[in-house]
>>> print(open('protein_24.cif').read())   # mmCIF, C-alpha atoms
data_structure
#
loop_
_atom_site.label_atom_id
_atom_site.label_comp_id
_atom_site.auth_asym_id
_atom_site.auth_seq_id
_atom_site.Cartn_x
_atom_site.Cartn_y
_atom_site.Cartn_z
CA MET F 1 8.32 -59.56 -87.16
CA VAL F 2 10.60 -58.64 -90.00
CA LYS F 3 9.88 -55.65 -92.21
CA TYR F 4 9.51 -56.49 -95.86
CA GLU F 5 8.04 -55.17 -99.09
CA ILE F 6 6.00 -57.22 -101.58
CA ARG F 7 6.44 -56.16 -105.19
CA PRO F 8 7.19 -57.36 -108.72
CA ALA F 9 10.68 -58.82 -109.09
CA LEU F 10 13.53 -56.91 -110.69
CA GLU F 11 15.88 -58.44 -113.24
CA SER F 12 18.75 -57.90 -110.79
CA GLU F 13 16.99 -60.31 -108.37
CA SER F 14 16.90 -63.23 -110.80
CA ALA F 15 19.85 -65.02 -109.18
CA GLN F 16 18.37 -64.57 -105.68
CA ILE F 17 15.07 -66.07 -106.86
CA LYS F 18 16.85 -69.11 -108.33
CA ASP F 19 18.94 -69.53 -105.18
CA LEU F 20 15.81 -69.44 -103.00
CA ILE F 21 14.03 -72.01 -105.20
CA HIS F 22 17.04 -74.34 -104.92
CA LEU F 23 17.33 -73.73 -101.17
CA VAL F 24 13.76 -74.85 -100.48
CA GLY F 25 13.99 -77.75 -102.95
CA ILE F 26 11.12 -77.06 -105.33
CA ASN F 27 10.83 -77.35 -109.11
CA PRO F 28 13.57 -75.17 -110.63
CA THR F 29 12.18 -75.09 -114.18
CA GLY F 30 10.46 -72.14 -115.83
CA LEU F 31 11.95 -69.47 -113.58
CA ASP F 32 11.41 -66.22 -115.50
CA TRP F 33 11.98 -63.27 -113.17
CA LYS F 34 9.43 -61.17 -115.12
CA ARG F 35 6.57 -63.34 -113.76
CA PHE F 36 7.64 -63.24 -110.12
CA THR F 37 6.30 -61.39 -107.13
CA VAL F 38 8.87 -61.15 -104.35
CA ALA F 39 9.11 -60.20 -100.69
CA VAL F 40 12.26 -58.22 -100.04
CA ASN F 41 13.62 -57.35 -96.60
CA ASP F 42 15.16 -54.01 -95.57
CA GLY F 43 18.57 -55.26 -96.72
CA GLY F 44 17.35 -55.87 -100.28
CA GLN F 45 17.39 -59.67 -99.89
CA VAL F 46 14.66 -61.72 -101.57
CA ILE F 47 13.10 -63.63 -98.67
CA ALA F 48 10.07 -65.08 -100.50
CA CYS F 49 8.74 -65.42 -104.02
CA GLY F 50 6.05 -66.83 -106.27
CA GLN F 51 4.98 -66.69 -109.90
CA VAL F 52 2.16 -67.46 -112.29
CA LYS F 53 3.38 -69.46 -115.30
CA PRO F 54 1.43 -69.66 -118.54
CA HIS F 55 1.02 -73.04 -120.25
CA GLY F 56 -0.47 -72.15 -123.60
CA ALA F 57 -3.13 -69.52 -124.14
CA ASP F 58 -5.60 -70.43 -121.41
CA ILE F 59 -3.78 -72.37 -118.68
CA GLN F 60 -2.12 -70.57 -115.79
CA GLU F 61 -0.19 -72.20 -112.97
CA MET F 62 0.66 -70.58 -109.67
CA ALA F 63 4.11 -71.91 -108.91
CA SER F 64 7.45 -71.41 -107.20
CA ILE F 65 5.97 -70.33 -103.86
CA ALA F 66 9.02 -70.21 -101.61
CA VAL F 67 9.90 -68.59 -98.30
CA SER F 68 13.41 -68.58 -96.87
CA PRO F 69 13.45 -70.87 -93.81
CA ALA F 70 14.51 -68.01 -91.49
CA TYR F 71 11.34 -66.08 -92.43
CA ARG F 72 8.68 -68.79 -92.27
CA GLY F 73 5.64 -68.57 -90.03
CA GLN F 74 5.14 -64.83 -90.49
CA GLY F 75 2.42 -64.87 -93.16
CA ILE F 76 4.75 -63.92 -96.00
CA ALA F 77 3.69 -66.80 -98.26
CA ARG F 78 0.05 -65.79 -97.73
CA LYS F 79 0.85 -62.23 -98.87
CA ILE F 80 2.69 -63.52 -101.96
CA ILE F 81 -0.22 -65.84 -102.86
CA GLU F 82 -2.83 -63.13 -102.30
CA GLY F 83 -0.84 -60.77 -104.51
CA LEU F 84 -0.54 -63.31 -107.30
CA LEU F 85 -4.21 -64.30 -107.15
CA GLY F 86 -5.28 -60.67 -107.06
CA LYS F 87 -3.89 -60.07 -110.53
CA THR F 88 -4.61 -63.44 -112.17
CA SER F 89 -7.73 -64.47 -114.08
CA ARG F 90 -9.42 -67.79 -113.36
CA PRO F 91 -9.05 -70.68 -113.51
CA VAL F 92 -5.63 -70.98 -111.87
CA TYR F 93 -3.94 -74.33 -111.34
CA LEU F 94 -1.15 -75.43 -109.05
CA MET F 95 0.80 -78.57 -108.29
CA CYS F 96 1.90 -79.42 -104.78
CA MET F 97 2.78 -82.32 -102.58
CA GLY F 98 -0.27 -83.84 -100.90
CA TYR F 99 0.77 -82.59 -97.46
CA ASN F 100 0.59 -78.98 -98.75
CA GLY F 101 -2.96 -79.34 -100.05
CA PRO F 102 -4.65 -78.01 -96.89
CA MET F 103 -2.65 -74.77 -97.13
CA TYR F 104 -3.97 -74.09 -100.62
CA GLU F 105 -7.51 -75.10 -99.66
CA LYS F 106 -7.48 -71.96 -97.46
CA PHE F 107 -7.40 -70.00 -100.74
CA GLU F 108 -10.29 -72.11 -102.09
CA PHE F 109 -8.17 -74.29 -104.38
CA LYS F 110 -9.67 -77.74 -104.84
CA SER F 111 -7.90 -80.94 -105.80
CA ILE F 112 -9.05 -82.15 -109.19
CA PRO F 113 -9.17 -85.70 -110.56
CA TYR F 114 -6.88 -86.78 -113.37
CA GLU F 115 -9.70 -86.71 -115.93
CA GLN F 116 -10.35 -83.00 -115.30
CA MET F 117 -6.71 -81.91 -115.52
CA PRO F 118 -5.38 -80.09 -118.56
CA ARG F 119 -3.07 -82.35 -120.55
CA TYR F 120 0.08 -80.60 -119.28
CA PHE F 121 -0.71 -81.54 -115.67
CA GLN F 122 -1.71 -85.09 -116.64
CA ARG F 123 1.75 -85.58 -118.18
CA ILE F 124 3.51 -84.20 -115.10
CA GLN F 125 1.47 -86.42 -112.79
CA LYS F 126 2.35 -89.51 -114.88
CA VAL F 127 6.07 -88.67 -114.78
CA PHE F 128 5.86 -88.11 -111.02
CA ALA F 129 4.17 -91.49 -110.52
CA ILE F 130 6.84 -93.26 -112.60
CA ALA F 131 9.63 -91.53 -110.68
CA ASP F 132 8.04 -92.53 -107.39
CA VAL F 133 8.26 -96.19 -108.38
CA PHE F 134 12.04 -95.75 -108.06
CA ARG F 135 12.07 -93.28 -105.17
CA LYS F 136 9.49 -95.29 -103.19
CA THR F 137 8.34 -92.31 -101.13
CA GLY F 138 4.62 -92.87 -101.56
CA GLU F 139 4.17 -89.11 -101.77
CA GLU F 140 1.17 -87.76 -103.65
CA LEU F 141 1.35 -84.96 -106.22
CA LEU F 142 -1.86 -82.93 -106.16
CA VAL F 143 -3.13 -80.83 -109.01
CA MET F 144 -5.45 -78.18 -107.67
CA MET F 145 -7.63 -75.56 -109.32
CA LEU F 146 -9.19 -72.27 -108.29
CA GLU F 147 -12.21 -71.27 -110.38
#
>>> encode(input="protein_24.cif", output="structure tokens")
Amino acid sequence: MVKYEIRPALESESAQIKDLIHLVGINPTGLDWKRFTVAVNDGGQVIACGQVKPHGADIQEMASIAVSPAYRGQGIARKIIEGLLGKTSRPVYLMCMGYNGPMYEKFEFKSIPYEQMPRYFQRIQKVFAIADVFRKTGEELLVMMLE
């Protein structure tokens, strides 16, 4: 088990956060270091991160949950998520690939139907569906909510 500290991100870690997001291949938009919680190892390297992004006055999205591949399977993502949820009012939304849904269900997130999604998430889901016509992956984008 690696030793690490979970804490709010520092401005000096902005590049490390972006590099980690690109490394794991998740959505690289809306990466504002001020919103991030990070896990940092003894060497000062960001090994995991996550944020809560605002979308207007009353919509919050937990996003950018990433763990460096060398550090997976040690419960670090769970600690990041618990930290974010501990300081975030409800409801909280998230978007994930369908195969990640069961992980978020452990935190009591529930998949919501299109009709119940805030407009922002409806638009993203439509764009994803259109893109998948060309990519032909058949992957599902879930929008989940924690009340």
>>> closest_residue(input="protein_24.cif", among="F:Leu141, F:Ile26, F:Ile124, F:Leu146", to="Glu108 (chain F)", atoms="all atoms listed in the file")
F:Leu146
>>> closest_residue(input="protein_24.cif", among="F:Val52, F:Ala15, F:Ala39, F:Val2", to="Thr88 (chain F)", atoms="all atoms listed in the file")
F:Val52
>>> resolve_selection(input="protein_24.cif", expression="the PyMOL selection byres ((chain F and resi 47) around 7)", output="list in words")
Ala39, Val40, Asn41, Gln45, Val46, Ala48, Val67, Ser68 and Tyr71 of chain F
>>> closest_residue(input="protein_24.cif", among="F:Cys49, F:Met1, F:Lys110, F:Thr37", to="Gly86 (chain F)", atoms="all atoms listed in the file")
F:Thr37
>>> atom_distance(input="protein_24.cif", atom1="CA of Met117 (chain F)", atom2="CA of Val143 (chain F)")
7.5 Å
>>> closest_residue(input="protein_24.cif", among="F:Thr137, F:Ser64, F:Ser12, F:Ser89", to="Ala77 (chain F)", atoms="only C-alpha atoms")
F:Ser64
>>> atom_distance(input="protein_24.cif", atom1="CA of Lys18 (chain F)", atom2="CA of Ala63 (chain F)")
13.1 Å
>>> residues_near_point(input="protein_24.cif", point="(1.6, -90.3, -103.7)", cutoff="12 Å", atoms="all atoms listed in the file", output="number ranges by chain")
F: 96-99, 125-126, 128-133, 135-143
